[in-house]
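Structure data (mmCIF, C-alpha atoms and all ligand atoms) from entry33.cif:
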data_protein
#
loop_
_atom_site.label_atom_id
_atom_site.label_comp_id
_atom_site.auth_asym_id
_atom_site.auth_seq_id
_atom_site.Cartn_x
_atom_site.Cartn_y
_atom_site.Cartn_z
CA MET A 1 38.04 260.67 62.12
CA GLY A 2 38.73 257.09 61.00
CA GLU A 3 36.28 254.37 60.08
CA ARG A 4 33.89 253.54 62.95
CA CYS A 5 33.77 250.12 64.52
CA ASP A 6 30.32 248.51 64.17
CA PHE A 7 30.58 246.76 67.53
CA PHE A 8 31.87 249.39 69.97
CA ASP A 9 29.31 251.32 72.01
CA TYR A 10 30.53 254.88 71.34
CA ASP A 11 27.56 256.48 73.10
CA ASN A 12 27.97 254.61 76.35
CA CYS A 13 31.77 254.93 76.74
CA ASP A 14 32.66 257.65 79.25
CA LEU A 15 36.42 257.41 78.56
CA CYS A 16 37.11 256.24 82.11
CA GLY A 17 40.17 254.29 80.90
CA GLU A 18 39.53 251.31 83.17
CA CYS A 19 39.67 248.79 80.30
CA LEU A 20 43.18 249.67 79.18
CA SER A 21 44.61 250.60 82.58
CA ARG A 22 43.78 247.13 83.93
CA CYS A 23 45.39 245.41 80.93
CA ARG A 24 48.48 243.51 82.08
CA TYR A 25 50.18 243.75 78.70
CA LEU A 26 49.95 247.46 77.95
CA GLY A 27 51.41 248.89 81.18
CA LEU A 28 49.33 252.09 81.08
CA ASP A 29 48.32 254.25 84.00
CA LEU A 30 44.79 255.67 84.02
CA LYS A 31 45.77 258.94 82.32
CA LYS A 32 47.59 257.22 79.47
CA ALA A 33 44.83 254.63 79.18
CA ARG A 34 42.28 257.43 78.68
CA GLU A 35 44.49 259.03 76.02
CA GLU A 36 44.80 255.75 74.17
CA MET A 37 41.04 255.18 74.34
CA LYS A 38 40.51 258.66 72.91
CA ARG A 39 42.84 257.82 70.03
CA LEU A 40 40.99 254.56 69.38
CA ILE A 41 37.62 256.28 69.43
CA ASP A 42 38.81 259.06 67.12
CA GLY A 43 40.29 256.48 64.75
CA ARG A 44 43.81 257.88 65.20
CA PRO A 45 46.90 255.60 65.42
CA THR A 46 47.53 254.43 69.00
CA LYS A 47 50.90 254.87 70.71
CA VAL A 48 50.88 251.65 72.71
CA VAL A 49 47.77 249.54 72.20
CA HIS A 50 48.44 248.20 68.73
CA ARG A 51 52.08 247.58 69.55
CA ARG A 52 51.54 245.60 72.74
CA CYS A 53 48.01 244.17 72.60
CA ILE A 54 48.05 240.37 72.45
CA SER A 55 44.31 240.06 71.75
CA CYS A 56 43.57 238.48 75.15
CA TYR A 57 40.00 239.90 75.19
CA ALA A 58 40.17 240.83 78.89
CA CYS A 59 39.44 244.52 78.32
CA ASP A 60 35.85 243.60 77.42
CA ALA A 61 35.55 241.96 80.84
CA PHE A 62 37.07 245.07 82.49
CA CYS A 63 34.68 247.60 80.95
CA PRO A 64 31.99 248.34 83.55
CA ARG A 65 29.65 249.72 80.87
CA GLY A 66 29.82 246.80 78.43
CA CYS A 67 31.17 248.95 75.59
CA ARG A 68 33.37 246.27 73.95
CA PRO A 69 36.76 248.04 73.78
CA TYR A 70 38.29 244.78 72.54
CA GLU A 71 36.25 244.91 69.35
CA LEU A 72 37.33 248.52 68.88
CA ILE A 73 40.98 247.48 69.13
CA ILE A 74 40.74 244.53 66.76
CA SER A 75 38.72 246.47 64.21
CA ALA A 76 42.09 247.91 63.13
CA TRP A 77 43.11 244.36 62.22
CA HIS A 78 39.83 243.97 60.37
CA ARG A 79 40.72 246.97 58.21
CA ARG A 80 44.25 245.59 57.69
CA TYR A 81 42.81 242.25 56.52
CA ARG A 82 40.37 243.96 54.17
CA GLU A 83 43.15 246.02 52.63
CA ARG A 84 45.97 243.47 52.49
CA GLY A 85 44.61 239.98 53.21
CA LEU A 86 46.32 237.49 55.50
CA PRO A 87 50.01 236.55 55.18
CA VAL A 88 50.37 233.02 53.82
CA ARG A 89 52.56 232.17 56.83
CA ALA A 90 49.37 232.10 58.91
CA SER A 91 47.49 229.74 56.58
CA TYR A 92 48.54 226.44 58.24
CA LEU A 93 47.06 227.71 61.52
CA MET A 94 43.70 228.60 60.03
CA PRO A 95 40.80 226.16 60.51
CA ALA A 96 39.71 226.75 56.89
CA SER A 97 42.98 225.30 55.56
CA GLN A 98 43.06 221.58 54.90
CA PRO A 99 45.18 220.19 56.36
CA ASN A 100 45.91 222.49 59.27
CA PHE A 101 47.80 222.18 62.55
CA ARG A 102 44.86 220.47 64.24
CA THR A 103 43.65 218.13 61.48
CA ASP A 104 47.24 216.88 61.03
CA LEU A 105 47.04 215.54 64.59
CA VAL A 106 44.49 212.88 63.61
CA GLU A 107 47.26 210.54 62.44
CA THR A 108 48.77 210.61 65.94
CA MET A 109 45.49 209.46 67.55
CA SER A 110 44.58 206.02 68.82
CA PRO A 111 42.14 203.91 66.75
CA ARG A 112 39.55 204.57 69.47
CA GLU A 113 39.92 208.34 69.08
CA ARG A 114 39.68 208.15 65.29
CA GLU A 115 36.54 206.07 65.65
CA LEU A 116 35.09 208.77 67.93
CA LEU A 117 35.85 211.44 65.34
CA ARG A 118 34.11 209.38 62.65
CA ARG A 119 31.08 208.87 64.88
CA TRP A 120 30.80 212.57 65.79
CA ARG A 121 31.14 213.53 62.12
CA GLU A 122 28.29 211.21 61.10
CA THR A 123 25.96 211.88 64.03
CA PRO A 124 23.26 214.47 63.25
CA PRO A 125 22.92 217.28 65.80
CA GLU A 126 19.51 216.31 67.18
CA GLY A 127 18.38 215.70 70.75
CA GLU A 128 17.60 217.28 74.11
CA LEU A 129 21.32 217.51 74.94
CA VAL A 130 23.75 217.97 72.08
CA LEU A 131 27.44 218.72 72.53
CA TYR A 132 29.43 220.81 70.05
CA PRO A 133 33.01 219.52 70.35
CA GLY A 134 34.80 222.40 68.57
CA CYS A 135 38.22 222.01 67.01
CA ASN A 136 40.18 221.95 70.28
CA ALA A 137 38.30 218.92 71.60
CA LEU A 138 38.44 217.35 68.13
CA ALA A 139 42.23 217.57 68.45
CA LEU A 140 41.92 215.93 71.91
CA PRO A 141 38.93 213.55 71.48
CA HIS A 142 39.84 211.55 74.60
CA LEU A 143 38.48 214.46 76.65
CA LEU A 144 34.92 213.57 75.64
CA ASP A 145 35.34 209.80 75.76
CA ALA A 146 33.69 209.31 79.13
CA PRO A 147 30.71 207.36 80.51
CA PHE A 148 29.43 210.52 82.19
CA LEU A 149 28.60 211.87 78.71
CA LYS A 150 26.52 208.88 77.62
CA GLU A 151 23.27 210.88 77.62
CA VAL A 152 24.77 213.54 75.40
CA VAL A 153 24.70 213.51 71.58
CA ILE A 154 28.11 214.62 70.33
CA SER A 155 28.06 216.00 66.81
CA GLY A 156 30.65 217.98 64.89
CA ASP A 157 33.67 217.96 62.63
CA PHE A 158 36.72 220.09 61.95
CA ASP A 159 34.98 221.96 59.14
CA LEU A 160 32.19 223.11 61.46
CA CYS A 161 34.37 225.84 62.93
CA CYS A 162 32.88 228.36 65.38
CA GLY A 163 35.02 231.14 63.89
CA GLU A 164 36.76 232.02 67.14
CA MET A 165 40.24 232.33 65.62
CA TYR A 166 38.95 234.59 62.88
CA PHE A 167 37.16 236.77 65.39
CA ARG A 168 40.25 237.13 67.57
CA MET A 169 42.28 238.15 64.52
CA GLY A 170 39.71 240.75 63.51
CA LEU A 171 38.76 238.86 60.32
CA PHE A 172 35.17 240.00 60.64
CA ASP A 173 34.25 239.20 57.01
CA VAL A 174 35.21 235.58 57.64
CA VAL A 175 33.27 235.44 60.94
CA GLU A 176 30.24 236.65 59.02
CA GLN A 177 30.60 233.70 56.65
CA VAL A 178 30.94 231.36 59.64
CA ALA A 179 27.75 232.79 61.16
CA GLU A 180 25.85 232.14 57.92
CA ARG A 181 27.23 228.62 57.63
CA LEU A 182 26.41 227.62 61.20
CA THR A 183 22.93 229.14 60.96
CA ARG A 184 22.30 227.00 57.88
CA HIS A 185 23.77 223.90 59.52
CA PHE A 186 21.59 224.05 62.63
CA ARG A 187 18.42 225.48 61.08
CA GLY A 188 15.42 223.17 61.56
CA ARG A 189 17.30 220.84 63.91
CA SER A 190 15.54 219.74 67.05
CA ILE A 191 18.04 220.66 69.75
CA GLY A 192 17.12 221.46 73.37
CA THR A 193 20.42 222.55 74.85
CA MET A 194 23.78 222.77 73.15
CA LEU A 195 26.64 222.01 75.54
CA PHE A 196 30.12 223.40 74.96
CA VAL A 197 33.31 221.88 76.29
CA CYS A 198 35.27 224.86 75.04
CA PRO A 199 34.46 228.30 76.52
CA ALA A 200 35.44 229.84 73.19
CA GLY A 201 32.73 227.90 71.36
CA LEU A 202 30.20 228.80 74.03
CA ASN A 203 30.96 232.51 73.82
CA MET A 204 30.89 232.46 70.02
CA PHE A 205 27.53 230.66 69.84
CA ARG A 206 25.92 232.56 72.69
CA ASN A 207 27.23 236.09 72.25
CA VAL A 208 29.49 236.82 69.31
CA LEU A 209 27.83 235.06 66.37
CA PRO A 210 24.21 235.98 67.17
CA GLY A 211 24.97 239.32 68.83
CA LEU A 212 27.44 240.77 66.33
CA PHE A 213 27.27 238.70 63.16
CA GLY A 214 23.57 237.88 62.68
CA ALA A 215 23.62 234.12 63.35
CA GLU A 216 20.31 232.60 64.46
CA PHE A 217 20.21 229.58 66.74
CA SER A 218 17.06 228.21 68.35
CA PHE A 219 18.75 226.16 71.11
CA ARG A 220 19.90 227.10 74.62
CA THR A 221 23.64 227.16 75.24
CA ARG A 222 25.42 225.90 78.31
CA TYR A 223 28.95 225.21 79.55
CA LEU A 224 29.67 221.50 79.92
CA GLY A 225 31.51 222.10 83.21
CA GLU A 226 28.39 223.57 84.79
CA TYR A 227 26.31 220.59 83.60
CA LEU A 228 28.87 218.18 85.07
CA TRP A 229 29.17 220.12 88.31
CA GLU A 230 25.42 219.74 88.83
CA LYS A 231 25.79 215.98 88.40
CA VAL A 232 28.63 215.84 90.90
CA GLU A 233 26.83 218.07 93.40
CA SER A 234 23.64 216.00 93.22
CA GLY A 235 25.59 212.75 93.68
CA GLU A 236 24.54 211.46 90.25
CA LEU A 237 28.20 211.47 89.22
CA ALA A 238 30.34 209.94 91.95
CA ILE A 239 33.93 210.94 92.64
CA VAL A 240 35.45 207.54 93.39
CA LYS A 241 39.13 208.49 93.35
CA ARG A 242 40.10 211.84 94.80
CA HIS A 243 43.13 213.63 93.45
CA SER A 244 45.74 215.18 95.69
CA GLY A 245 48.17 218.00 95.12
CA ARG A 246 48.12 221.68 94.32
CA VAL A 247 47.18 222.98 90.90
CA ALA A 248 47.61 226.47 89.49
CA VAL A 249 44.34 227.37 87.74
CA HIS A 250 44.64 229.00 84.35
CA ASP A 251 41.52 230.71 82.97
CA SER A 252 40.79 230.85 79.27
CA CYS A 253 40.17 234.21 77.58
CA HIS A 254 36.54 233.34 76.92
CA GLY A 255 36.20 231.98 80.45
CA ARG A 256 36.97 235.49 81.69
CA ILE A 257 34.24 236.92 79.47
CA LEU A 258 31.67 234.32 80.51
CA GLY A 259 32.58 234.59 84.20
CA GLU A 260 30.98 232.50 86.92
CA GLU A 261 29.31 229.88 84.71
CA VAL A 262 32.71 228.80 83.38
CA GLN A 263 35.25 229.97 85.96
CA GLY A 264 33.10 229.05 88.95
CA SER A 265 31.97 225.62 87.83
CA ALA A 266 35.48 224.62 86.74
CA ARG A 267 36.83 225.59 90.17
CA ARG A 268 34.04 223.76 91.99
CA LEU A 269 34.80 220.62 90.00
CA TYR A 270 38.55 220.83 90.70
CA ALA A 271 37.87 221.27 94.40
CA ALA A 272 35.29 218.44 94.52
CA MET A 273 37.95 216.11 93.11
CA GLY A 274 40.29 216.95 95.98
CA LEU A 275 42.60 219.38 94.18
CA ASP A 276 44.07 222.26 96.15
CA LEU A 277 43.64 225.37 93.97
CA VAL A 278 46.19 228.13 93.58
CA GLU A 279 44.98 231.29 91.85
CA LEU A 280 47.26 232.94 89.30
CA ALA A 281 45.67 236.36 89.61
CA THR A 282 44.04 238.16 92.53
CA ASP A 283 41.06 238.88 90.31
CA SER A 284 40.38 236.02 87.88
CA ALA A 285 39.40 238.53 85.16
CA GLU A 286 43.03 239.69 85.21
CA GLY A 287 44.63 236.35 84.46
CA LEU A 288 47.06 236.03 81.56
CA CYS A 289 46.56 234.43 78.15
CA CYS A 290 48.02 231.00 77.24
CA GLY A 291 49.69 232.64 74.26
CA MET A 292 47.46 231.26 71.52
CA ALA A 293 45.88 234.67 70.87
CA ALA A 294 49.18 236.53 70.94
CA GLY A 295 49.78 235.67 67.29
CA CYS A 296 46.69 237.64 66.23
CA ASN A 297 48.39 241.02 66.20
CA ARG A 298 51.58 240.53 64.16
CA TYR A 299 51.16 236.87 63.11
CA ARG A 300 54.49 236.12 64.77
CA PRO A 301 55.20 232.85 66.62
CA GLU A 302 57.66 234.59 68.98
CA ASP A 303 54.77 236.69 70.37
CA MET A 304 52.89 233.47 71.19
CA TYR A 305 55.99 231.99 72.78
CA ARG A 306 56.65 235.05 74.96
CA ALA A 307 53.03 235.22 76.15
CA ALA A 308 52.92 231.49 76.96
CA VAL A 309 56.22 231.61 78.85
CA ARG A 310 55.03 234.58 80.90
CA GLU A 311 52.02 232.62 82.14
CA MET A 312 54.02 229.40 82.61
CA ARG A 313 56.51 231.33 84.75
CA GLU A 314 53.69 232.77 86.84
CA ALA A 315 52.35 229.26 87.35
CA ALA A 316 55.81 227.91 88.22
CA ARG A 317 56.30 230.65 90.84
CA THR A 318 53.27 229.40 92.75
CA GLY A 319 55.07 226.11 93.44
CA ALA A 320 51.93 224.20 92.36
CA ASP A 321 52.41 220.63 91.15
CA GLU A 322 50.45 221.00 87.93
CA LEU A 323 48.90 223.63 85.69
CA ALA A 324 45.14 223.04 85.43
CA VAL A 325 43.29 224.24 82.32
CA TYR A 326 39.73 223.80 81.10
CA CYS A 327 40.27 224.82 77.48
CA GLY A 328 41.78 222.35 74.99
CA GLY A 329 43.40 225.24 73.12
CA CYS A 330 45.21 226.37 76.26
CA GLN A 331 46.29 222.79 76.92
CA LEU A 332 47.73 222.34 73.43
CA THR A 333 49.45 225.73 73.49
CA PHE A 334 51.10 225.23 76.90
CA SER A 335 51.98 221.63 76.04
CA LEU A 336 53.69 222.80 72.86
CA MET A 337 55.54 225.65 74.55
CA ARG A 338 56.78 223.31 77.29
CA TRP A 339 58.88 221.57 74.62
CA LEU A 340 60.59 224.92 73.98
CA HIS A 341 60.58 226.18 77.57
CA PRO A 342 60.43 223.14 79.86
CA THR A 343 58.70 223.55 83.20
CA ARG A 344 58.16 220.91 85.84
CA GLN A 345 54.37 221.41 85.83
CA PRO A 346 52.41 219.06 83.58
CA VAL A 347 49.37 220.67 81.98
CA ARG A 348 46.15 218.83 82.75
CA HIS A 349 42.63 219.40 81.47
CA LEU A 350 39.60 219.56 83.76
CA LEU A 351 38.04 216.60 81.96
CA GLU A 352 41.20 214.52 82.32
CA TYR A 353 41.03 215.05 86.08
CA LEU A 354 37.32 214.26 86.08
CA LYS A 355 37.66 211.08 84.05
CA GLU A 356 40.27 209.76 86.45
CA ALA A 357 38.28 210.85 89.49
CA THR A 358 35.22 208.97 88.20
CA GLY A 359 37.14 205.75 87.69
CA GLU A 360 38.44 205.98 84.13
CA PRO A 361 42.06 205.06 83.33
CA ALA A 362 44.54 207.94 83.13
CA TYR A 363 45.37 208.98 79.56
CA TYR A 364 47.32 212.17 78.85
CA PRO A 365 48.17 212.43 75.13
CA ALA A 366 48.42 216.24 74.91
CA SER A 367 52.15 216.54 75.44
CA ARG A 368 53.17 214.08 72.72
CA ARG A 369 50.48 215.43 70.43
CA ALA A 370 51.82 218.94 70.94
CA LEU A 371 55.32 217.74 70.00
CA ARG A 372 53.94 216.51 66.69
CA MET A 373 52.16 219.82 66.29
CA LEU A 374 55.45 221.65 66.84
CA GLY A 375 57.14 219.46 64.21
CA ASN A 376 54.34 220.01 61.71
CA ILE A 377 54.33 223.77 62.22
CA THR A 378 58.12 223.86 61.79
CA VAL A 379 57.94 221.98 58.51
CA LYS A 380 54.73 223.42 57.07
CA ALA A 381 54.44 227.00 58.36
CA PHE A 382 57.96 228.25 59.12
CA PRO A 383 59.20 228.01 55.50
CA LYS A 384 56.55 230.63 54.63
CA MET A 385 57.74 233.04 57.33
CA LEU A 386 59.64 235.24 54.89
CA SER A 387 57.03 235.17 52.16
CA ARG A 388 55.27 238.46 51.48
CA ARG A 389 52.36 236.76 49.78
CA THR A 390 48.89 237.21 51.24
CA TYR A 391 45.56 235.48 50.68
CA ARG A 392 41.90 235.69 51.69
CA ILE A 393 39.89 233.05 53.48
CA SER A 394 36.65 231.77 52.03
CA ILE A 395 34.40 229.52 54.11
CA ASN A 396 31.24 228.85 52.13
S1 LIG B 1 42.86 242.55 74.34
FE1 LIG B 1 44.07 242.04 76.18
S2 LIG B 1 46.13 242.73 75.66
FE2 LIG B 1 44.75 243.74 74.22
S3 LIG B 1 44.29 245.71 75.19
FE3 LIG B 1 42.64 244.29 75.75
S4 LIG B 1 43.31 243.47 77.74
FE4 LIG B 1 45.11 244.37 76.78
S1 LIG B 2 35.40 251.17 76.92
FE1 LIG B 2 34.50 250.97 78.95
S2 LIG B 2 36.22 250.82 80.39
FE2 LIG B 2 37.01 251.56 78.41
S3 LIG B 2 37.02 253.77 78.60
FE3 LIG B 2 35.04 253.24 77.68
S4 LIG B 2 33.62 252.97 79.39
FE4 LIG B 2 35.68 252.98 80.25
#
Using structure tokens, write down the structure from this file.
Amino acid sequence: MGERCDFFDYDNCDLCGECLSRCRYLGLDLKKAREEMKRLIDGRPTKVVHRRCISCYACDAFCPRGCRPYELIISAWHRRYRERGLPVRASYLMPASQPNFRTDLVETMSPRERELLRRWRETPPEGELVLYPGCNALALPHLLDAPFLKEVVISGDFDLCCGEMYFRMGLFDVVEQVAERLTRHFRGRSIGTMLFVCPAGLNMFRNVLPGLFGAEFSFRTRYLGEYLWEKVESGELAIVKRHSGRVAVHDSCHGRILGEEVQGSARRLYAAMGLDLVELATDSAEGLCCGMAAGCNRYRPEDMYRAAVREMREAARTGADELAVYCGGCQLTFSLMRWLHPTRQPVRHLLEYLKEATGEPAYYPASRRALRMLGNITVKAFPKMLSRRTYRISIN
């Protein structure tokens, strides 16, 4: 019997195998899925899961009993980190590193975007409606530069990380530090509702940090898309320029976990703007990952590339004109991979569509920004690929 995972519900799991048999990366039938689950629960080495899992998180959404099989899988990576640390080749991609692949993008931004970052950094998180930008929107500040957000206080900086990347990599000790830091940061602040543009941030603040890592937040949490959909539905926010064309809808990993609030409101907004939606999976819980999380298992860029290309090919097969995303991380990942595997579908963010539809000028910097990101990663991370050195992350 191996070390038990603190987060998996051992008592409630009936070994039905649904979680792993529905996984689109493992390729297991129900019988093999049950065997693999048994191995995971017993703490024995798996035959398939830890070779093929790309950390997409969907198995948590598949489990009908809410047992958290995902956490059970990634707890093996937690043990690996505790024993060996993290390879230095991953350091440039970690939010705790300064600079990192996102902060290095600031120099590519317009003066207006840099001014927004300064303002958000200096604005205290106080008010009835506060928005946590998270590092993906901080890398794409234009997303939040919209008149329809004028009633919202935006507050945050790159060093106020939600810990999502650490969680997905199984670096539970680091997530614990993040939980402590964020609890301290928001303690005593007068905040009614915290809005999240990024489903990852929403899931971390609502479920993961308080539920698994002891964070304490006194505010309500809500997805920005749902807030905006209400404004559109009530007529408070007018669609003045309808879009046309077909878009393939890509769901984020955390969107799948959060379900209707995120997936439903994003789709309603796309449709209200005139977009014709094409689904990439029969069941939206079974959609594929953008590839960002695929590096969590072996820390290898080729795993991220393969996962991204698989989803981009699925999107291309639909014949849709564009690939629509609502997560800035998915947009940056696809935009980067399109430089390596060109497709004819531009990748557009929900808020880019909405800004245009509400009368704002079109501005799509993600593709060029992703090219710079690719260049930076090539220069700053690839030279460390062969290094055997490891390190540990410290947040506080
Ligand atoms: S995290 Fe994703 S890839 Fe890994 S086992 Fe679960 S569903 Fe499959
Ligand atoms: S974790 Fe959930 S879906 Fe997976 S075997 Fe257990 S009960 Fe079934």
Could you check the closest approach to ligand LIG 2 (chain B) for each of A:Ala61, A:Cys56, A:Cys5, A:Met312 and tell me which residue wins, using only C-alpha atoms and all ligand atoms?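 Smallest distance to ligand LIG 2 (chain B) is found for A:Ala61.
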Between A:Leu143, A:Val153, A:Leu26, A:Leu40, single out the one closest to ligand LIG 2 (chain B), counting only C-alpha atoms and all ligand atoms.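 Among A:Leu143, A:Val153, A:Leu26, A:Leu40, it is A:Leu40 that comes nearest to ligand LIG 2 (chain B).
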Given the point (22.4, 227.5, 70.6) in the file's coordinates, find the residues that have an atom at most 8 Å from it, counting all atoms listed in the file, and give them as an NGL selection string. :A and (193-194 or 205-206 or 217-221)
Please list as a JSON list (two decimals) with C-alpha atoms, in the frame of the given file every residue within 9 Å of Asn376 (chain A), counting all atoms listed in the file and excluding residues in the same chain fewer than 4 positions away.
[["chain", "number", "residue", "atom", "x", "y", "z"],
["A", 101, "PHE", "CA", 47.80, 222.18, 62.55],
["A", 104, "ASP", "CA", 47.24, 216.88, 61.03],
["A", 371, "LEU", "CA", 55.32, 217.74, 70.00],
["A", 372, "ARG", "CA", 53.94, 216.51, 66.69],
["A", 380, "LYS", "CA", 54.73, 223.42, 57.07],
["A", 381, "ALA", "CA", 54.44, 227.00, 58.36]]
Write out as an mmCIF file with C-alpha atoms, in the frame of the given file each polymer residue (protein, DNA or RNA) that has an atom no more than 6 Å from ligand LIG 1 (chain B), with all atoms listed in the file counted.
data_model
loop_
_atom_site.group_PDB
_atom_site.id
_atom_site.type_symbol
_atom_site.label_atom_id
_atom_site.label_comp_id
_atom_site.auth_asym_id
_atom_site.auth_seq_id
_atom_site.Cartn_x
_atom_site.Cartn_y
_atom_site.Cartn_z
ATOM 1 C CA LEU A 20 43.180 249.670 79.180
ATOM 2 C CA CYS A 23 45.390 245.410 80.930
ATOM 3 C CA TYR A 25 50.180 243.750 78.700
ATOM 4 C CA LEU A 26 49.950 247.460 77.950
ATOM 5 C CA VAL A 49 47.770 249.540 72.200
ATOM 6 C CA CYS A 53 48.010 244.170 72.600
ATOM 7 C CA ILE A 54 48.050 240.370 72.450
ATOM 8 C CA SER A 55 44.310 240.060 71.750
ATOM 9 C CA CYS A 56 43.570 238.480 75.150
ATOM 10 C CA TYR A 57 40.000 239.900 75.190
ATOM 11 C CA ALA A 58 40.170 240.830 78.890
ATOM 12 C CA CYS A 59 39.440 244.520 78.320
ATOM 13 C CA TYR A 70 38.290 244.780 72.540
#
Spatial neighbours of Gly134 (chain A), max dist 10 Å, all atoms listed in the file, sep filter under 2 positions, as a ChimeraX atom specification: /A:131-132,136-139,155-164,196-202,328
Could you write region 337-343 of chain A as a PDB file, in the coordinates of the input, with all heavy atoms rebuilt where they are missing?
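Generated output (selection19.pdb):
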ATOM      1  N   MET A 337      54.492 224.726  74.088  1.00  0.00           N
ATOM      2  CA  MET A 337      55.540 225.650  74.550  1.00  0.00           C
ATOM      3  C   MET A 337      56.447 224.995  75.595  1.00  0.00           C
ATOM      4  O   MET A 337      57.599 225.388  75.755  1.00  0.00           O
ATOM      5  CB  MET A 337      54.914 226.931  75.106  1.00  0.00           C
ATOM      6  CG  MET A 337      54.164 227.756  74.068  1.00  0.00           C
ATOM      7  SD  MET A 337      55.172 228.200  72.628  1.00  0.00           S
ATOM      8  CE  MET A 337      53.946 229.055  71.615  1.00  0.00           C
ATOM      9  N   ARG A 338      55.924 223.987  76.301  1.00  0.00           N
ATOM     10  CA  ARG A 338      56.780 223.310  77.290  1.00  0.00           C
ATOM     11  C   ARG A 338      57.915 222.539  76.625  1.00  0.00           C
ATOM     12  O   ARG A 338      58.928 222.230  77.261  1.00  0.00           O
ATOM     13  CB  ARG A 338      55.942 222.349  78.149  1.00  0.00           C
ATOM     14  CG  ARG A 338      55.148 223.063  79.226  1.00  0.00           C
ATOM     15  CD  ARG A 338      54.450 222.084  80.135  1.00  0.00           C
ATOM     16  NE  ARG A 338      55.335 221.457  81.103  1.00  0.00           N
ATOM     17  CZ  ARG A 338      55.414 220.135  81.311  1.00  0.00           C
ATOM     18  NH1 ARG A 338      54.688 219.307  80.603  1.00  0.00           N
ATOM     19  NH2 ARG A 338      56.226 219.651  82.232  1.00  0.00           N
ATOM     20  N   TRP A 339      57.766 222.210  75.330  1.00  0.00           N
ATOM     21  CA  TRP A 339      58.880 221.570  74.620  1.00  0.00           C
ATOM     22  C   TRP A 339      59.986 222.584  74.326  1.00  0.00           C
ATOM     23  O   TRP A 339      61.142 222.223  74.142  1.00  0.00           O
ATOM     24  CB  TRP A 339      58.386 220.937  73.310  1.00  0.00           C
ATOM     25  CG  TRP A 339      57.560 219.714  73.542  1.00  0.00           C
ATOM     26  CD1 TRP A 339      56.207 219.611  73.452  1.00  0.00           C
ATOM     27  CD2 TRP A 339      58.025 218.421  73.928  1.00  0.00           C
ATOM     28  NE1 TRP A 339      55.794 218.337  73.753  1.00  0.00           N
ATOM     29  CE2 TRP A 339      56.881 217.577  74.043  1.00  0.00           C
ATOM     30  CE3 TRP A 339      59.287 217.867  74.167  1.00  0.00           C
ATOM     31  CZ2 TRP A 339      56.977 216.231  74.403  1.00  0.00           C
ATOM     32  CZ3 TRP A 339      59.369 216.533  74.531  1.00  0.00           C
ATOM     33  CH2 TRP A 339      58.224 215.730  74.641  1.00  0.00           C
ATOM     34  N   LEU A 340      59.602 223.867  74.265  1.00  0.00           N
ATOM     35  CA  LEU A 340      60.590 224.920  73.980  1.00  0.00           C
ATOM     36  C   LEU A 340      61.091 225.555  75.268  1.00  0.00           C
ATOM     37  O   LEU A 340      62.211 226.071  75.332  1.00  0.00           O
ATOM     38  CB  LEU A 340      59.945 226.010  73.106  1.00  0.00           C
ATOM     39  CG  LEU A 340      59.380 225.540  71.763  1.00  0.00           C
ATOM     40  CD1 LEU A 340      58.598 226.654  71.094  1.00  0.00           C
ATOM     41  CD2 LEU A 340      60.502 225.058  70.861  1.00  0.00           C
ATOM     42  N   HIS A 341      60.236 225.565  76.284  1.00  0.00           N
ATOM     43  CA  HIS A 341      60.580 226.180  77.570  1.00  0.00           C
ATOM     44  C   HIS A 341      60.098 225.212  78.664  1.00  0.00           C
ATOM     45  O   HIS A 341      59.010 225.390  79.211  1.00  0.00           O
ATOM     46  CB  HIS A 341      59.872 227.542  77.690  1.00  0.00           C
ATOM     47  CG  HIS A 341      60.138 228.238  78.990  1.00  0.00           C
ATOM     48  ND1 HIS A 341      61.207 229.068  79.190  1.00  0.00           N
ATOM     49  CD2 HIS A 341      59.480 228.195  80.175  1.00  0.00           C
ATOM     50  CE1 HIS A 341      61.188 229.526  80.430  1.00  0.00           C
ATOM     51  NE2 HIS A 341      60.156 229.008  81.043  1.00  0.00           N
ATOM     52  N   PRO A 342      60.908 224.187  78.935  1.00  0.00           N
ATOM     53  CA  PRO A 342      60.430 223.140  79.860  1.00  0.00           C
ATOM     54  C   PRO A 342      60.129 223.683  81.251  1.00  0.00           C
ATOM     55  O   PRO A 342      60.878 224.509  81.786  1.00  0.00           O
ATOM     56  CB  PRO A 342      61.603 222.152  79.902  1.00  0.00           C
ATOM     57  CG  PRO A 342      62.400 222.436  78.687  1.00  0.00           C
ATOM     58  CD  PRO A 342      62.229 223.900  78.393  1.00  0.00           C
ATOM     59  N   THR A 343      59.017 223.250  81.805  1.00  0.00           N
ATOM     60  CA  THR A 343      58.700 223.550  83.200  1.00  0.00           C
ATOM     61  C   THR A 343      58.381 222.212  83.860  1.00  0.00           C
ATOM     62  O   THR A 343      58.110 221.222  83.180  1.00  0.00           O
ATOM     63  CB  THR A 343      57.455 224.446  83.344  1.00  0.00           C
ATOM     64  OG1 THR A 343      56.294 223.701  82.925  1.00  0.00           O
ATOM     65  CG2 THR A 343      57.578 225.714  82.523  1.00  0.00           C
TER      66      THR A 343
END
